[in-house]
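**Q** Take a look at final.csv, CSV, C-alpha atoms:
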```csv
chain,number,residue,atom,x,y,z
A,337,MET,CA,-13.2,17.4,21.1
A,338,PRO,CA,-13.0,18.9,17.6
A,339,SER,CA,-15.4,21.7,16.9
A,340,ILE,CA,-16.4,24.1,14.2
A,341,THR,CA,-14.2,26.8,15.8
A,342,ASP,CA,-11.3,24.4,16.4
A,343,PRO,CA,-11.5,21.6,13.9
A,344,LEU,CA,-9.3,18.5,13.8
A,345,LYS,CA,-6.9,18.9,10.8
A,346,ILE,CA,-6.7,15.8,8.6
A,347,GLY,CA,-3.5,15.8,6.4
A,348,THR,CA,-3.5,14.0,3.0
A,349,ARG,CA,-2.0,14.0,-0.4
A,350,GLY,CA,-4.1,15.7,-3.1
A,351,SER,CA,-4.7,12.8,-5.5
A,352,PRO,CA,-8.3,11.7,-6.0
A,353,LEU,CA,-7.7,8.4,-4.2
A,354,ALA,CA,-5.9,10.1,-1.2
A,355,LEU,CA,-8.8,12.6,-0.9
A,356,ALA,CA,-11.4,9.7,-1.0
A,357,GLN,CA,-9.5,8.1,1.8
A,358,ALA,CA,-9.4,11.3,3.8
A,359,HIS,CA,-13.2,11.7,3.2
A,360,GLU,CA,-13.8,8.2,4.4
A,361,THR,CA,-11.8,8.8,7.6
A,362,ARG,CA,-13.7,12.1,8.3
A,363,ALA,CA,-17.1,10.3,7.7
A,364,ARG,CA,-16.2,7.6,10.2
A,365,LEU,CA,-15.0,10.1,12.8
A,366,MET,CA,-18.2,12.1,12.4
A,367,ALA,CA,-20.4,9.0,12.8
A,368,ALA,CA,-18.4,7.7,15.8
A,369,HIS,CA,-18.5,10.9,17.7
A,370,ASP,CA,-21.7,12.5,16.4
A,371,LEU,CA,-19.8,15.6,15.1
A,372,PRO,CA,-20.6,17.8,12.2
A,373,GLU,CA,-18.4,17.9,9.0
A,374,ALA,CA,-17.2,21.3,9.9
A,375,ALA,CA,-15.5,19.9,13.0
A,376,PHE,CA,-12.9,18.4,10.6
A,377,GLU,CA,-10.7,20.2,8.1
A,378,ILE,CA,-9.0,18.3,5.3
A,379,VAL,CA,-5.6,19.8,4.6
A,380,VAL,CA,-3.9,18.9,1.3
A,381,ILE,CA,-0.2,18.6,1.4
A,382,LYS,CA,1.9,18.2,-1.8
A,383,THR,CA,4.6,15.6,-1.3
A,384,THR,CA,7.8,15.0,-3.3
A,385,GLY,CA,6.1,11.9,-4.8
A,386,ASP,CA,3.4,14.1,-6.3
A,387,ASN,CA,5.9,16.1,-8.4
A,388,ALA,CA,4.6,16.1,-12.0
A,389,ALA,CA,8.0,16.0,-13.5
A,390,LEU,CA,9.0,12.9,-11.5
A,391,ILE,CA,5.8,11.2,-12.5
A,392,ALA,CA,6.3,12.0,-16.2
A,393,ALA,CA,9.9,10.7,-16.1
A,394,ASP,CA,8.6,7.2,-15.2
A,395,LYS,CA,11.7,6.4,-13.1
A,396,PRO,CA,11.6,3.5,-10.7
A,397,LEU,CA,10.5,4.6,-7.2
A,398,LYS,CA,13.6,3.2,-5.6
A,399,GLU,CA,15.7,5.7,-7.7
A,400,LEU,CA,13.6,8.6,-6.5
A,401,GLY,CA,13.8,7.9,-2.8
A,402,GLY,CA,11.5,5.1,-1.9
A,403,LYS,CA,8.3,5.0,0.0
A,404,GLY,CA,9.1,8.2,2.0
A,405,LEU,CA,8.4,10.2,-1.1
A,406,PHE,CA,4.7,10.1,-0.3
A,407,THR,CA,5.0,10.7,3.5
A,408,LYS,CA,7.9,13.0,4.4
A,409,GLU,CA,6.1,16.4,4.0
A,410,ILE,CA,2.9,15.2,5.6
A,411,GLU,CA,4.8,13.9,8.6
A,412,GLU,CA,6.7,17.1,8.9
A,413,ALA,CA,3.5,19.0,9.0
A,414,MET,CA,2.2,16.8,11.8
A,415,LEU,CA,5.3,17.2,13.9
A,416,GLU,CA,5.1,21.0,13.4
A,417,GLY,CA,1.4,21.0,14.5
A,418,ARG,CA,0.0,22.1,11.2
A,419,ILE,CA,-2.2,19.0,11.0
A,420,ASP,CA,-3.4,16.6,13.7
A,421,ILE,CA,-3.6,13.3,11.9
A,422,ALA,CA,-2.5,11.9,8.5
A,423,VAL,CA,-4.3,9.4,6.3
A,424,HIS,CA,-2.2,7.0,4.3
A,425,SER,CA,-2.4,4.1,2.0
A,426,MET,CA,-0.6,1.5,4.1
A,427,LYS,CA,1.2,-0.1,1.2
A,428,ASP,CA,3.0,3.2,0.7
A,429,MET,CA,4.2,3.5,4.3
A,430,PRO,CA,7.8,2.8,5.5
A,431,VAL,CA,7.9,0.3,8.4
A,432,ALA,CA,9.4,2.8,10.8
A,433,GLN,CA,7.7,6.1,11.8
A,434,PRO,CA,9.7,9.3,12.7
A,435,GLU,CA,10.2,9.8,16.4
A,436,GLY,CA,7.1,11.3,18.0
A,437,LEU,CA,4.6,9.7,15.5
A,438,VAL,CA,2.7,6.5,15.7
A,439,LEU,CA,0.5,4.4,13.4
A,440,ASP,CA,-2.0,2.4,15.4
A,441,CYS,CA,-5.4,3.1,13.7
A,442,TYR,CA,-6.5,1.1,10.6
A,443,LEU,CA,-9.8,1.3,8.8
A,444,PRO,CA,-11.6,-1.9,7.7
A,445,ARG,CA,-9.6,-3.5,4.9
A,446,GLU,CA,-10.8,-3.3,1.3
A,447,ASP,CA,-10.2,-5.8,-1.5
A,448,VAL,CA,-6.6,-6.8,-1.4
A,449,ARG,CA,-6.3,-8.1,-5.0
A,450,ASP,CA,-4.5,-6.5,-7.9
A,451,ALA,CA,-6.6,-5.2,-10.8
A,452,PHE,CA,-5.8,-6.1,-14.4
A,453,VAL,CA,-6.4,-3.0,-16.5
A,454,SER,CA,-6.3,-3.1,-20.3
A,455,PRO,CA,-8.3,-1.5,-23.2
A,456,GLY,CA,-8.2,-4.7,-25.2
A,457,VAL,CA,-7.2,-7.7,-23.1
A,458,ALA,CA,-9.6,-9.4,-20.6
A,459,ARG,CA,-7.3,-11.2,-18.3
A,460,LEU,CA,-3.6,-11.5,-17.4
A,461,ALA,CA,-3.5,-15.0,-18.9
A,462,ASP,CA,-4.7,-13.6,-22.2
A,463,LEU,CA,-1.8,-11.2,-22.8
A,464,PRO,CA,-0.2,-12.1,-26.1
A,465,GLN,CA,3.4,-13.1,-26.4
A,466,GLY,CA,5.8,-10.2,-26.1
A,467,ALA,CA,3.1,-7.7,-25.1
A,468,THR,CA,4.2,-4.4,-23.4
A,469,VAL,CA,3.0,-4.1,-19.9
A,470,GLY,CA,3.4,-1.0,-17.7
A,471,SER,CA,4.0,-1.0,-13.9
A,472,SER,CA,6.0,1.1,-11.5
A,473,SER,CA,5.8,-1.7,-8.8
A,474,LEU,CA,9.0,-3.6,-8.3
A,475,ARG,CA,6.9,-6.4,-6.8
A,476,ARG,CA,4.4,-6.7,-9.7
A,477,ARG,CA,7.2,-6.4,-12.3
A,478,ALA,CA,9.2,-9.2,-10.7
A,479,GLN,CA,6.1,-11.5,-10.4
A,480,LEU,CA,5.3,-10.9,-14.0
A,481,ALA,CA,8.8,-11.6,-15.2
A,482,ASN,CA,8.8,-14.8,-13.2
A,483,LYS,CA,5.5,-16.0,-14.7
A,484,ARG,CA,5.8,-14.5,-18.1
A,485,PRO,CA,9.4,-13.8,-19.1
A,486,ASP,CA,8.2,-13.1,-22.7
A,487,LEU,CA,6.5,-9.8,-21.7
A,488,LYS,CA,8.2,-6.4,-22.2
A,489,LEU,CA,7.9,-4.4,-18.9
A,490,VAL,CA,8.1,-0.6,-18.9
A,491,GLU,CA,7.9,1.9,-16.0
A,492,PHE,CA,4.4,3.3,-15.5
A,493,ARG,CA,4.0,5.9,-12.7
A,494,GLY,CA,1.2,8.3,-11.7
A,495,ASN,CA,-2.3,8.1,-10.2
A,496,VAL,CA,-5.2,6.1,-11.6
A,497,GLN,CA,-6.2,8.8,-14.1
A,498,THR,CA,-2.6,9.3,-15.3
A,499,ARG,CA,-2.1,5.6,-15.9
A,500,LEU,CA,-5.4,5.2,-17.8
A,501,LYS,CA,-4.3,8.1,-20.1
A,502,LYS,CA,-1.0,6.3,-20.8
A,503,LEU,CA,-2.9,3.2,-21.8
A,504,ASP,CA,-5.0,5.2,-24.1
A,505,GLU,CA,-1.8,6.7,-25.7
A,506,GLY,CA,-0.5,3.2,-26.4
A,507,VAL,CA,2.5,3.3,-24.0
A,508,ALA,CA,1.5,-0.2,-22.9
A,509,VAL,CA,-1.3,-2.7,-23.6
A,510,ALA,CA,-2.0,-3.3,-19.9
A,511,THR,CA,-1.2,-2.2,-16.4
A,512,PHE,CA,-2.1,-3.0,-12.8
A,513,LEU,CA,-3.8,-1.1,-10.1
A,514,ALA,CA,-5.1,-2.0,-6.7
A,515,MET,CA,-8.8,-3.1,-6.6
A,516,ALA,CA,-9.1,-1.3,-3.2
A,517,GLY,CA,-8.2,2.0,-4.8
A,518,LEU,CA,-10.6,1.6,-7.7
A,519,ASN,CA,-13.4,0.5,-5.3
A,520,ARG,CA,-12.9,3.6,-3.1
A,521,LEU,CA,-13.0,5.9,-6.2
A,522,GLY,CA,-16.2,4.2,-7.5
A,523,MET,CA,-14.2,3.1,-10.5
A,524,SER,CA,-14.2,-0.7,-10.1
A,525,HIS,CA,-15.4,-0.9,-13.8
A,526,VAL,CA,-11.9,0.1,-14.9
A,527,ALA,CA,-10.6,-3.3,-13.9
A,528,ARG,CA,-11.1,-5.9,-16.7
A,529,SER,CA,-10.6,-8.5,-14.0
A,530,ALA,CA,-9.3,-9.0,-10.5
A,531,ILE,CA,-6.2,-11.1,-10.1
A,532,GLU,CA,-6.7,-13.8,-7.4
A,533,VAL,CA,-4.0,-13.8,-4.7
A,534,ASP,CA,-3.0,-17.3,-5.6
A,535,GLU,CA,-1.9,-16.0,-9.0
A,536,MET,CA,-0.3,-12.8,-7.8
A,537,LEU,CA,0.3,-12.3,-4.1
A,538,PRO,CA,-0.4,-8.6,-3.3
A,539,ALA,CA,1.9,-6.0,-1.6
A,540,VAL,CA,2.1,-6.0,2.1
A,541,ALA,CA,-0.8,-3.9,3.6
A,542,GLN,CA,-2.5,-3.5,0.2
A,543,GLY,CA,-6.1,-2.3,0.6
A,544,CYS,CA,-5.6,-0.8,4.1
A,545,ILE,CA,-5.9,2.8,5.2
A,546,GLY,CA,-3.8,3.8,8.1
A,547,ILE,CA,-4.1,6.9,10.3
A,548,GLU,CA,-1.0,8.4,11.8
A,549,ARG,CA,-0.9,10.7,14.8
A,550,ARG,CA,1.4,12.4,17.3
A,551,LEU,CA,2.4,10.0,20.1
A,552,ALA,CA,1.9,12.8,22.8
A,553,ASP,CA,-1.7,13.5,21.8
A,554,PRO,CA,-4.1,11.6,24.1
A,555,MET,CA,-7.3,13.3,22.8
A,556,THR,CA,-6.6,12.3,19.2
A,557,GLU,CA,-5.7,8.8,20.4
A,558,ARG,CA,-9.2,8.5,22.0
A,559,LEU,CA,-10.9,9.8,18.8
A,560,LEU,CA,-9.1,7.3,16.6
A,561,ALA,CA,-9.6,4.3,18.9
A,562,ALA,CA,-13.4,4.5,18.1
A,563,ILE,CA,-12.8,3.9,14.4
A,564,HIS,CA,-9.9,1.4,14.6
A,565,ASP,CA,-10.7,-2.0,13.0
A,566,ALA,CA,-9.1,-4.7,15.1
A,567,PRO,CA,-9.1,-7.4,12.4
A,568,ALA,CA,-7.2,-5.1,10.1
A,569,GLY,CA,-4.8,-4.3,12.9
A,570,HIS,CA,-4.0,-8.0,13.6
A,571,ARG,CA,-3.3,-8.6,9.9
A,572,LEU,CA,-1.2,-5.5,9.5
A,573,THR,CA,0.9,-6.4,12.6
A,574,ALA,CA,1.9,-9.7,11.1
A,575,GLU,CA,2.5,-8.3,7.6
A,576,ARG,CA,4.5,-5.2,8.7
A,577,SER,CA,6.6,-7.3,11.0
A,578,TYR,CA,7.3,-9.6,8.1
A,579,LEU,CA,8.2,-6.6,5.9
A,580,ALA,CA,10.4,-5.0,8.5
A,581,THR,CA,12.5,-8.2,8.9
A,582,LEU,CA,12.9,-8.5,5.2
A,583,ASP,CA,13.9,-4.8,4.7
A,584,GLY,CA,10.7,-3.3,3.4
A,585,SER,CA,12.2,-0.6,1.2
A,586,CYS,CA,11.1,-0.1,-2.4
A,587,GLU,CA,14.3,-1.8,-3.4
A,588,THR,CA,13.1,-5.3,-2.7
A,589,PRO,CA,10.3,-7.2,-4.5
A,590,ILE,CA,8.2,-8.5,-1.6
A,591,ALA,CA,4.6,-9.8,-1.4
A,592,GLY,CA,2.7,-10.7,1.7
A,593,LEU,CA,-0.8,-11.3,2.9
A,594,ALA,CA,-2.3,-12.3,6.3
A,595,MET,CA,-5.8,-13.7,6.6
A,596,LEU,CA,-7.8,-14.3,9.7
A,597,GLU,CA,-9.1,-17.8,10.4
A,598,GLY,CA,-11.0,-17.4,13.7
A,599,ASP,CA,-8.4,-16.5,16.3
A,600,GLN,CA,-5.6,-17.7,14.0
A,601,LEU,CA,-3.6,-15.9,11.3
A,602,TRP,CA,-2.6,-17.4,8.0
A,603,LEU,CA,0.4,-15.5,6.6
A,604,ARG,CA,1.8,-16.0,3.1
A,605,GLY,CA,4.9,-14.4,1.8
A,606,GLU,CA,7.1,-14.2,-1.4
A,607,ILE,CA,10.4,-12.7,-2.2
A,608,LEU,CA,11.8,-12.4,-5.7
A,609,ARG,CA,14.8,-11.3,-7.7
A,610,PRO,CA,13.8,-8.1,-9.6
A,611,ASP,CA,14.3,-9.8,-12.9
A,612,GLY,CA,11.9,-12.6,-11.9
A,613,SER,CA,14.5,-15.3,-12.4
A,614,GLU,CA,13.9,-16.7,-8.9
A,615,ALA,CA,11.0,-16.6,-6.4
A,616,ILE,CA,10.9,-18.0,-2.9
A,617,SER,CA,7.6,-18.4,-1.1
A,618,GLY,CA,6.3,-19.7,2.2
A,619,GLU,CA,3.5,-19.5,4.7
A,620,ALA,CA,2.9,-19.7,8.5
A,621,ARG,CA,-0.1,-20.1,10.8
A,622,GLY,CA,-0.4,-18.9,14.4
A,623,SER,CA,-2.4,-17.1,17.0
A,624,ILE,CA,-3.4,-13.5,16.5
A,625,ALA,CA,-1.7,-12.8,19.8
A,626,ASP,CA,1.6,-13.8,18.2
A,627,ALA,CA,1.1,-11.8,15.0
A,628,ALA,CA,4.4,-9.9,15.1
A,629,GLU,CA,6.4,-13.0,15.9
A,630,LEU,CA,4.6,-14.9,13.1
A,631,GLY,CA,5.7,-12.2,10.6
A,632,THR,CA,9.3,-12.2,11.8
A,633,ASP,CA,9.6,-16.0,11.7
A,634,LEU,CA,8.2,-16.3,8.2
A,635,ALA,CA,10.6,-13.6,7.0
A,636,ARG,CA,13.6,-15.3,8.6
A,637,ARG,CA,12.6,-18.7,7.0
A,638,LEU,CA,12.4,-17.1,3.5
A,639,LEU,CA,15.8,-15.3,4.1
A,640,ALA,CA,17.3,-18.7,5.1
A,641,GLN,CA,16.1,-20.3,1.9
A,642,ALA,CA,17.6,-17.5,-0.3
A,643,PRO,CA,20.8,-18.7,-2.0
A,644,LYS,CA,24.0,-16.8,-1.7
A,645,GLY,CA,23.9,-13.6,-3.9
A,646,PHE,CA,20.0,-13.4,-3.9
A,647,PHE,CA,20.1,-9.8,-2.6
A,648,ASP,CA,23.5,-8.8,-4.1
A,649,TRP,CA,21.8,-6.5,-6.7
A,650,ARG,CA,20.7,-4.1,-3.9
```
Output the file's structure as structure tokens, nothing else.
**A**
Amino acid sequence: MPSITDPLKIGTRGSPLALAQAHETRARLMAAHDLPEAAFEIVVIKTTGDNAALIAADKPLKELGGKGLFTKEIEEAMLEGRIDIAVHSMKDMPVAQPEGLVLDCYLPREDVRDAFVSPGVARLADLPQGATVGSSSLRRRAQLANKRPDLKLVEFRGNVQTRLKKLDEGVAVATFLAMAGLNRLGMSHVARSAIEVDEMLPAVAQGCIGIERRLADPMTERLLAAIHDAPAGHRLTAERSYLATLDGSCETPIAGLAMLEGDQLWLRGEILRPDGSEAISGEARGSIADAAELGTDLARRLLAQAPKGFFDWR
């Protein structure tokens, strides 16, 4: 077991949200195993995605290397034994882990909705014609372009504080964040409104914290099993299977959300062209025991509906 003299090392990015997630993970482990805070050490690791110059450049994530930008250095540290576990925002995670690592622990899921953030506009529906809106999310940009082709969309990268500063500087009149992140930071007041999932289906795994570990580490596996949230696990199994079948890189606008209905799952999905000119959506219901198959089947049905050339831009 972790101790003051031999603490469990928790790897994380250094952003305020990443640290809040690491602190939540530590608090849950402390409570589950009746251990002191000193039995856990939070280790901050700077990733390629945290490079200030890349953030300032406001380039699309897919041009910079995709989701792996936020995980590569952390996973290398775990494989080298410098940390024992890694805490991640699951919507940032590639669907495949490096050999020797596994993701099988999820914390209870937060609010999955997108937050509409603007100094002067109350709701997404209230945006004036031709307004400039900032987002680095390919999914959000495609959904906006599909619903509001009149809007001017600009790249908008950085953590919560960076994006709020850009709004104050007038780079855009509005942007979007995840309600989950704002709630975890105690900053839910920043959202002018939450966008219901029927209006904007969220990113796969949005609102969920995942904890990655070494496969050959039974002690850590037992520690994490005590804080794993089974409902979140069932939902993520369906969503990430769906994502994997569709090619869950940052180069494809994909939305997806699974909800529990007793012992059943309700999975909704949407794929779009990046310019918003076409969107294809669908849904499926099935047993939680068949979560992975449910995700795969829905993805295949959406792919079958896509006309020739739908993905040629990739």
**Q** Which residue gives the smallest distance to Ala432 of chain A among A:Asp565, A:Glu606, A:Asp611, A:Glu548, with all atoms listed in the file counted?
**A** A:Glu548
**Q** With all atoms listed in the file as the counted atoms, please give the residues lying no more than 7 Å from segment 342-353 of chain A, apart from itself and same-chain residues fewer than 2 positions off, as a PyMOL selection string.
**A** chain A and resi 338-340+355-358+374-383+410+419-423+517+521
**Q** When you draw a straight line from atom CA of Ala591 of chain A to atom CA of Gly618 of chain A, how long is it in Å?
**A**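 Atom CA of Gly618 of chain A lies at a distance of 10.7 Å from atom CA of Ala591 of chain A.
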**Q** Tell me which of A:Arg520, A:Arg418, A:Arg609, A:Arg499 sits closest to Ile545 of chain A, counting only C-alpha atoms.
**A**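 Nearest candidate to Ile545 of chain A out of A:Arg520, A:Arg418, A:Arg609, A:Arg499: A:Arg520.
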**Q** Rank A:Ala510, A:Ala541, A:Ala478, A:Met414 by their smallest atom-to-atom distance to Pro444 of chain A, using all atoms listed in the file, and report the top residue only.
**A**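 Residue with the minimum atom-to-atom distance to Pro444 of chain A: A:Ala541.
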**Q** From the set A:Pro538, A:Gly546, A:Gly466, A:Pro430, which residue has the shortest atom-to-atom contact distance to Ala568 of chain A, counting only C-alpha atoms?
**A**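 The answer is A:Gly546, which sits nearest to Ala568 of chain A.
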**Q** Using all atoms listed in the file, which of the listed residues (A:Leu638, A:Ala354, A:Leu601, A:Ile607) sits closest to Ser623 of chain A?
**A**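 Closest to Ser623 of chain A of all the choices is A:Leu601.
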**Q** Write out as a PDB file with C-alpha atoms, keeping the file's coordinate frame the residues lying within 7 Å of Lys427 of chain A, counting all atoms listed in the file and excluding same-chain residues fewer than 6 positions away.
**A**
```
ATOM      1  CA  ALA A 539       1.900  -6.000  -1.600  1.00  0.00           C
ATOM      2  CA  VAL A 540       2.100  -6.000   2.100  1.00  0.00           C
ATOM      3  CA  ALA A 541      -0.800  -3.900   3.600  1.00  0.00           C
ATOM      4  CA  GLN A 542      -2.500  -3.500   0.200  1.00  0.00           C
TER       5      GLN A 542
END
```
**Q** Report as a CSV table (one decimal) with C-alpha atoms, in the coordinates of the input all protein, DNA and RNA residues lying within 6 Å of segment 528-534 of chain A, evaluated on all atoms listed in the file, omitting residues in the same chain fewer than 4 positions from it.
**A**
```
chain,number,residue,atom,x,y,z
A,449,ARG,CA,-6.3,-8.1,-5.0
A,450,ASP,CA,-4.5,-6.5,-7.9
A,451,ALA,CA,-6.6,-5.2,-10.8
A,452,PHE,CA,-5.8,-6.1,-14.4
A,453,VAL,CA,-6.4,-3.0,-16.5
A,458,ALA,CA,-9.6,-9.4,-20.6
```
**Q** So how many Å separate atom CA of Ile624 of chain A and atom CA of Pro567 of chain A, to one decimal?
**A** 9.3 Å
**Q** Name the residues in contact with Lys502 of chain A at a cut-off of 10 Å, using only C-alpha atoms, excluding same-chain residues fewer than 4 positions from it; report them as a list in words.
**A**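 The filter keeps Gly470, Phe492, Arg493, Gly494, Gln497, Thr498, Gly506, Val507, Ala508, Val509, Ala510 and Thr511 of chain A.
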**Q** Given all atoms listed in the file as the basis, pick out the residue of A:Gly417, A:Met515, A:Gly612, A:Arg621 nearest to Asp486 of chain A.
**A**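 Closest candidate: A:Gly612.
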**Q** So the first atom is atom CA of Ile547 of chain A and the second is atom CA of Val431 of chain A; what is the distance between them in Å, to one decimal place?
**A**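 Rounded to one decimal, the two atoms are 13.8 Å apart.
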**Q** Leaving out segment 488-490 of chain A and any residue of its chain fewer than 5 positions from it, which residues lie within 7 Å of it when counting all atoms listed in the file, given as a VMD selection string?
**A** chain A and resid 466 to 471 477
